[in-house]
>>> print(open('upload.txt').read())   # compact mmCIF, C-alpha atoms
# COMPACT_ATOMS: atom_id res chain seq x y z
CA MET A 1 0.00 0.00 0.00
CA TYR A 2 2.88 2.37 0.77
CA TYR A 3 4.38 1.91 -2.67
CA ALA A 4 0.93 1.99 -4.26
CA LEU A 5 0.33 5.40 -2.69
CA TYR A 6 3.60 6.70 -4.12
CA LYS A 7 2.82 5.27 -7.54
CA GLU A 8 -0.57 6.98 -7.64
CA HIS A 9 0.22 10.28 -5.92
CA GLY A 10 3.99 10.64 -5.83
CA THR A 11 6.34 12.66 -7.98
CA ALA A 12 8.46 11.12 -10.72
CA GLU A 13 11.31 10.91 -8.21
CA ASP A 14 9.06 9.13 -5.72
CA VAL A 15 8.06 6.55 -8.33
CA GLN A 16 11.72 5.86 -9.12
CA THR A 17 12.32 4.86 -5.49
CA ILE A 18 9.80 2.00 -5.74
CA PRO A 19 11.80 -1.27 -5.88
CA LYS A 20 11.15 -3.74 -8.67
CA SER A 21 10.54 -6.39 -6.04
CA ALA A 22 7.30 -4.58 -5.17
CA GLY A 23 5.80 -6.20 -8.27
CA GLU A 24 2.46 -5.23 -9.74
CA LEU A 25 0.91 -2.55 -7.54
CA PRO A 26 -2.83 -1.97 -7.11
CA ARG A 27 -4.58 1.38 -7.40
CA PHE A 28 -4.18 2.83 -3.94
CA SER A 29 -7.52 4.64 -3.99
CA LEU A 30 -9.33 1.40 -4.85
CA ALA A 31 -7.40 -1.13 -2.76
CA TYR A 32 -6.71 0.74 0.46
CA GLN A 33 -10.13 0.42 2.12
CA GLY A 34 -10.10 -3.37 1.81
CA TRP A 35 -6.55 -3.53 3.15
CA TYR A 36 -7.47 -1.24 6.04
CA SER A 37 -10.49 -3.34 7.05
CA GLU A 38 -8.49 -6.57 7.06
CA CYS A 39 -5.63 -5.02 9.00
CA LEU A 40 -7.99 -3.47 11.54
CA ALA A 41 -9.61 -6.86 12.17
CA LEU A 42 -6.17 -8.43 12.58
CA LEU A 43 -5.04 -5.76 15.03
CA THR A 44 -8.24 -6.12 17.04
CA GLN A 45 -7.47 -9.81 17.58
CA ILE A 46 -3.70 -9.74 18.06
CA ALA A 47 -2.74 -6.24 19.25
CA PRO A 48 -5.88 -4.41 20.40
CA GLU A 49 -3.76 -1.80 22.18
CA ARG A 50 -2.63 -0.48 18.76
CA VAL A 51 -6.10 -0.15 17.22
CA ASP A 52 -6.61 3.50 18.22
CA ASP A 53 -3.19 4.48 16.84
CA PHE A 54 -3.94 2.69 13.58
CA ARG A 55 -7.30 4.41 13.22
CA ALA A 56 -5.83 7.84 14.01
CA LEU A 57 -3.49 7.51 11.04
CA TYR A 58 -6.50 6.89 8.82
CA ALA A 59 -8.63 9.74 10.18
CA SER A 60 -7.92 12.28 12.91
CA LYS A 61 -9.48 11.45 16.28
CA THR A 62 -9.80 15.11 17.24
CA GLN A 63 -11.13 18.20 15.54
CA ARG A 64 -8.28 19.92 13.70
CA LYS A 65 -8.11 23.71 13.65
CA GLU A 66 -6.32 23.45 10.35
CA ILE A 67 -4.85 20.77 8.14
CA ASP A 68 -1.13 20.73 7.54
CA PHE A 69 1.57 18.22 6.65
CA SER A 70 1.95 17.04 10.27
CA ASN A 71 -1.70 16.01 10.72
CA TYR A 72 -2.61 15.02 7.15
CA THR A 73 -4.26 11.59 7.23
CA ILE A 74 -4.89 8.80 4.75
CA SER A 75 -8.57 9.74 4.71
CA ASP A 76 -7.52 13.21 3.52
CA CYS A 77 -5.46 11.54 0.80
CA LEU A 78 -8.40 9.45 -0.39
CA LYS A 79 -10.49 12.66 -0.57
CA GLY A 80 -7.74 14.28 -2.63
CA LEU A 81 -7.37 17.25 -0.29
CA VAL A 82 -4.75 19.80 -1.34
CA GLY A 83 -3.82 22.89 0.62
CA ARG A 84 -1.72 25.92 -0.32
CA ARG A 85 -0.18 28.73 1.66
CA TYR A 86 1.29 31.77 -0.08
CA GLY A 87 1.14 29.87 -3.36
CA ASP A 88 3.22 26.92 -2.17
CA ILE A 89 1.71 23.47 -1.61
CA LEU A 90 1.32 22.87 2.13
CA TYR A 91 -0.16 19.41 1.86
CA GLU A 92 -1.33 17.02 -0.86
CA PRO A 93 -2.21 13.30 -1.21
CA ARG A 94 1.45 12.25 -1.20
CA SER A 95 1.71 13.84 2.28
CA ALA A 96 -0.10 10.74 3.60
CA ALA A 97 2.98 8.61 2.83
CA SER A 98 4.25 9.04 6.39
CA ALA A 99 0.95 7.84 7.88
CA MET A 100 0.84 4.94 5.42
CA LEU A 101 4.37 3.89 6.33
CA GLN A 102 3.48 3.91 10.02
CA GLN A 103 0.43 1.74 9.40
CA ALA A 104 2.46 -0.68 7.28
CA SER A 105 5.10 -0.87 10.03
CA MET A 106 2.44 -1.71 12.61
CA ILE A 107 1.19 -4.61 10.51
CA GLU A 108 4.72 -5.81 9.75
CA GLY A 109 5.43 -5.79 13.47
CA LEU A 110 2.58 -8.23 14.07
CA LYS A 111 4.56 -11.13 12.61
CA ASN A 112 6.38 -11.96 15.83
CA ARG A 113 3.26 -11.27 17.90
CA PHE A 114 1.29 -13.59 15.62
CA LYS A 115 3.85 -16.36 16.01
CA SER A 116 3.80 -15.87 19.76
CA THR A 117 0.00 -15.98 19.84
CA LEU A 118 -0.08 -19.19 17.80
CA TYR A 119 2.51 -20.65 20.14
CA ASP A 120 0.35 -19.74 23.15
CA ILE A 121 -2.72 -21.31 21.55
CA ARG A 122 -0.87 -24.48 20.61
CA THR A 123 0.58 -24.72 24.11
CA LEU A 124 -2.84 -24.32 25.76
CA VAL A 125 -4.47 -26.91 23.46
CA HIS A 126 -1.55 -29.29 23.97
CA ALA A 127 -1.80 -28.92 27.76
CA ASP A 128 -5.56 -29.58 27.71
CA LEU A 129 -5.08 -32.75 25.66
CA LEU A 130 -2.37 -33.99 28.02
CA ASP A 131 -4.57 -33.34 31.06
CA ASP A 132 -7.37 -35.38 29.47
CA GLU A 133 -4.99 -38.29 28.78
CA LEU A 134 -3.60 -38.21 32.31
CA HIS A 135 -7.11 -38.10 33.75
CA ALA A 136 -7.91 -41.26 31.76
CA ALA A 137 -4.74 -42.87 33.16
CA GLU A 138 -5.85 -41.98 36.70
CA GLU A 139 -9.22 -43.64 36.12
CA LEU A 140 -7.54 -46.80 34.80
CA ASN A 141 -5.22 -46.90 37.80
CA LYS A 142 -8.09 -46.36 40.23
CA ASN A 143 -9.97 -49.31 38.70
CA GLY A 144 -7.06 -51.71 38.91
CA PHE A 145 -5.60 -51.45 35.41
CA GLN A 146 -2.09 -50.44 36.45
CA ARG A 147 -0.29 -51.55 33.30
CA GLY A 148 -2.76 -49.79 31.03
CA ALA A 149 -2.64 -46.63 33.13
CA GLY A 150 1.17 -46.65 33.09
CA ALA A 151 1.23 -47.18 29.35
CA VAL A 152 -1.07 -44.18 28.77
CA ALA A 153 1.01 -41.97 31.06
CA GLY A 154 4.15 -43.14 29.25
CA VAL A 155 2.72 -42.17 25.88
CA VAL A 156 1.91 -38.70 27.24
CA LEU A 157 5.45 -38.33 28.60
CA GLU A 158 7.03 -39.45 25.34
CA GLY A 159 4.79 -37.18 23.26
CA HIS A 160 5.49 -34.17 25.45
CA LEU A 161 9.26 -34.65 25.38
CA ALA A 162 9.12 -35.03 21.59
CA ALA A 163 7.16 -31.75 21.35
CA VAL A 164 9.73 -29.96 23.52
CA CYS A 165 12.54 -31.27 21.30
CA GLU A 166 10.71 -29.98 18.23
CA ARG A 167 10.10 -26.60 19.89
CA HIS A 168 13.81 -26.24 20.59
CA GLN A 169 14.71 -27.52 17.11
CA ILE A 170 16.70 -30.45 18.49
CA THR A 171 17.72 -33.00 15.86
CA LEU A 172 17.21 -36.61 16.94
CA ARG A 173 19.30 -39.46 15.57
CA LYS A 174 16.65 -42.18 15.86
CA LYS A 175 13.54 -42.23 13.71
CA ASP A 176 11.40 -43.45 16.63
CA PRO A 177 13.16 -42.21 19.78
CA ALA A 178 12.22 -43.58 23.18
CA ILE A 179 11.80 -41.59 26.37
CA SER A 180 15.46 -42.11 27.26
CA ASP A 181 16.59 -40.84 23.83
CA LEU A 182 14.44 -37.71 24.12
CA ASN A 183 15.57 -37.15 27.70
CA ASP A 184 19.25 -37.43 26.74
CA ALA A 185 18.79 -35.07 23.78
CA LEU A 186 17.18 -32.42 25.98
CA LYS A 187 19.98 -32.65 28.53
CA THR A 188 22.67 -32.46 25.83
CA ALA A 189 20.98 -29.33 24.44
CA SER A 190 20.90 -27.83 27.97
CA VAL A 191 17.10 -27.56 27.88
CA ILE A 192 16.93 -29.53 31.14
CA ASP A 193 19.40 -29.86 33.99
CA THR A 194 20.76 -33.02 35.61
CA ALA A 195 18.06 -33.13 38.30
CA GLN A 196 15.29 -32.94 35.69
CA TRP A 197 17.06 -35.54 33.55
CA ARG A 198 17.22 -37.97 36.50
CA PHE A 199 13.56 -37.35 37.32
CA VAL A 200 12.46 -38.14 33.76
CA GLN A 201 14.74 -41.18 33.75
CA HIS A 202 13.02 -42.44 36.90
CA LEU A 203 9.60 -41.95 35.32
CA GLY A 204 10.81 -43.84 32.25
CA ASP A 205 11.84 -46.77 34.46
CA ILE A 206 8.34 -46.96 35.95
CA ARG A 207 6.82 -46.75 32.47
CA ASN A 208 9.05 -49.62 31.30
CA LYS A 209 7.86 -51.71 34.24
CA CYS A 210 4.30 -51.16 33.04
CA ASP A 211 5.05 -51.93 29.40
CA HIS A 212 7.19 -55.04 29.81
CA LYS A 213 5.95 -58.23 31.45
CA LYS A 214 8.07 -58.90 34.52
CA THR A 215 7.78 -61.04 37.59
CA THR A 216 6.65 -58.01 39.62
CA ASP A 217 3.65 -55.99 38.46
CA PRO A 218 3.70 -52.22 38.93
CA SER A 219 1.90 -51.15 42.07
CA LYS A 220 -0.95 -48.65 42.21
CA GLU A 221 1.35 -46.28 44.11
CA GLU A 222 4.08 -46.52 41.47
CA VAL A 223 1.65 -45.74 38.69
CA SER A 224 0.25 -42.80 40.67
CA GLU A 225 3.82 -41.55 41.06
CA LEU A 226 4.30 -41.89 37.30
CA ILE A 227 1.11 -40.00 36.47
CA ASP A 228 1.86 -37.20 38.94
CA GLY A 229 5.43 -37.02 37.67
CA VAL A 230 4.34 -36.77 34.04
CA ARG A 231 1.90 -34.01 34.95
CA LYS A 232 4.76 -32.13 36.62
CA VAL A 233 6.99 -32.59 33.58
CA THR A 234 4.34 -31.18 31.23
CA LYS A 235 4.13 -28.06 33.40
CA THR A 236 7.85 -27.49 34.03
CA ILE A 237 9.74 -28.74 30.95
CA LEU A 238 8.67 -26.51 28.06
>>> encode(input="upload.txt", output="structure tokens")
Amino acid sequence: MYYALYKEHGTAEDVQTIPKSAGELPRFSLAYQGWYSECLALLTQIAPERVDDFRALYASKTQRKEIDFSNYTISDCLKGLVGRRYGDILYEPRSAASAMLQQASMIEGLKNRFKSTLYDIRTLVHADLLDDELHAAEELNKNGFQRGAGAVAGVVLEGHLAAVCERHQITLRKKDPAISDLNDALKTASVIDTAQWRFVQHLGDIRNKCDHKKTTDPSKEEVSELIDGVRKVTKTIL
């Protein structure tokens, strides 16, 4: 939109500053309103604290005693307002370039905020799913299905550690890494400390007792310890 404004209302020198990478530009007077509406909706959702500033660049929030270059808005540009003082041009449509650049910068700045918001949403959804799985494991354990409960808790632990590795962009050597592989990778990458590593290792040992048929079955207390431990890991290792 910034370059489109210059193309439509700028001087020949202004047009020459438009980079070729800008590609085919729309008519500013025709395309701006649609762009503004979409951007306003985006700001309202992601950065509501900037909405008033964004609107003020489109149209003045207060009554102006007079229009000049410093308070010329994009709305003035779209109306084609031109002002002169002593024969010289005081303001004209190209004067809105500063306001347009500020609006464009606000939207550009949303990229990191948008990524952060998506991360927060994914984290909340992920946590809710894990809580549901662990609740199911608790019910199994309460009703005497210790191995099944331990297996479910183990899957949650493995899935969470894998998600943390992905979040920290940790490359894993094995195609299907086990809890111990994920735990080691996180410690090597300094995402977790030795105490956390040992705690996860202990939980993995209980999980293995549930998964593999041995002479001694896992106790209800052991499985409860596993479930509580996995819940702690999902809240503290991120």
>>> closest_residue(input="upload.txt", among="A:His212, A:His9, A:Arg173, A:Arg167", to="Val191 of chain A", atoms="only C-alpha atoms")
A:Arg167
>>> residues_around(input="upload.txt", residues="segment 64-67 of chain A", least_positions_apart="3", cutoff="8 Å", atoms="only C-alpha atoms", output="PyMOL selection string")
chain A and resi 60+71-72+83+91
>>> write_last_selection(input="upload.txt", atoms="C-alpha atoms", output="PDB file, keeping the file's coordinate frame")
ATOM      1  CA  SER A  60      -7.920  12.280  12.910  1.00  0.00           C
ATOM      2  CA  ASN A  71      -1.700  16.010  10.720  1.00  0.00           C
ATOM      3  CA  TYR A  72      -2.610  15.020   7.150  1.00  0.00           C
ATOM      4  CA  GLY A  83      -3.820  22.890   0.620  1.00  0.00           C
ATOM      5  CA  TYR A  91      -0.160  19.410   1.860  1.00  0.00           C
TER       6      TYR A  91
END
>>> residues_around(input="upload.txt", residues="segment 10-12 of chain A", least_positions_apart="5", cutoff="10 Å", atoms="all atoms listed in the file", output="list in words")
Tyr3, Ala4, Leu5, Thr17, Glu92, Pro93, Arg94, Ser95 and Ala97 of chain A
>>> write_last_selection(input="upload.txt", atoms="C-alpha atoms", output="compact mmCIF listing (two decimals), in the frame of the given file")
# COMPACT_ATOMS: atom_id res chain seq x y z
CA TYR A 3 4.38 1.91 -2.67
CA ALA A 4 0.93 1.99 -4.26
CA LEU A 5 0.33 5.40 -2.69
CA THR A 17 12.32 4.86 -5.49
CA GLU A 92 -1.33 17.02 -0.86
CA PRO A 93 -2.21 13.30 -1.21
CA ARG A 94 1.45 12.25 -1.20
CA SER A 95 1.71 13.84 2.28
CA ALA A 97 2.98 8.61 2.83
>>> closest_residue(input="upload.txt", among="A:Leu161, A:His168, A:Val230, A:Gln102", to="Asp181 of chain A", atoms="all atoms listed in the file")
A:Leu161
>>> closest_residue(input="upload.txt", among="A:Glu222, A:Leu40, A:Ile192, A:Pro177", to="Tyr58 of chain A", atoms="all atoms listed in the file")
A:Leu40
>>> closest_residue(input="upload.txt", among="A:Ala151, A:Ala137, A:Thr234, A:Glu49", to="Asp211 of chain A", atoms="all atoms listed in the file")
A:Ala151
>>> residues_around(input="upload.txt", residues="Lys232 of chain A", least_positions_apart="5", cutoff="12 Å", atoms="only C-alpha atoms", output="list in words")
Ala127, Leu130, Asp131, Leu134, Ala153, Val156, Leu157, His160, Gln196, Phe199, Val200, Leu203, Glu225, Leu226, Ile227, Ile237 and Leu238 of chain A
>>> closest_residue(input="upload.txt", among="A:Val51, A:Leu140, A:Leu25, A:Ala185", to="Ser37 of chain A", atoms="all atoms listed in the file")
A:Val51
>>> atom_distance(input="upload.txt", atom1="atom CA of Met106 of chain A", atom2="atom CA of Arg55 of chain A")
11.5 Å
>>> closest_residue(input="upload.txt", among="A:Ile179, A:Ser98, A:Asp53, A:Asp193", to="Phe69 of chain A", atoms="all atoms listed in the file")
A:Ser98
>>> atom_distance(input="upload.txt", atom1="atom CA of Pro218 of chain A", atom2="atom CA of Ala195 of chain A")
23.9 Å
>>> atom_distance(input="upload.txt", atom1="atom CA of Leu57 of chain A", atom2="atom CA of Glu24 of chain A")
25.1 Å
>>> residues_around(input="upload.txt", residues="Tyr2 of chain A", least_positions_apart="5", cutoff="8 Å", atoms="only C-alpha atoms", output="ChimeraX atom specification")
/A:97,100-101,104
>>> residues_around(input="upload.txt", residues="Ala178 of chain A", least_positions_apart="2", cutoff="12 Å", atoms="only C-alpha atoms", output="list in words")
Gly154, Val155, Leu157, Glu158, Gly159, His160, Leu161, Ala162, Leu172, Arg173, Lys174, Lys175, Asp176, Ser180, Asp181, Leu182, Asn183, Asp184, Ala185, Val200, Gln201, Gly204, Asp205, Arg207 and Asn208 of chain A
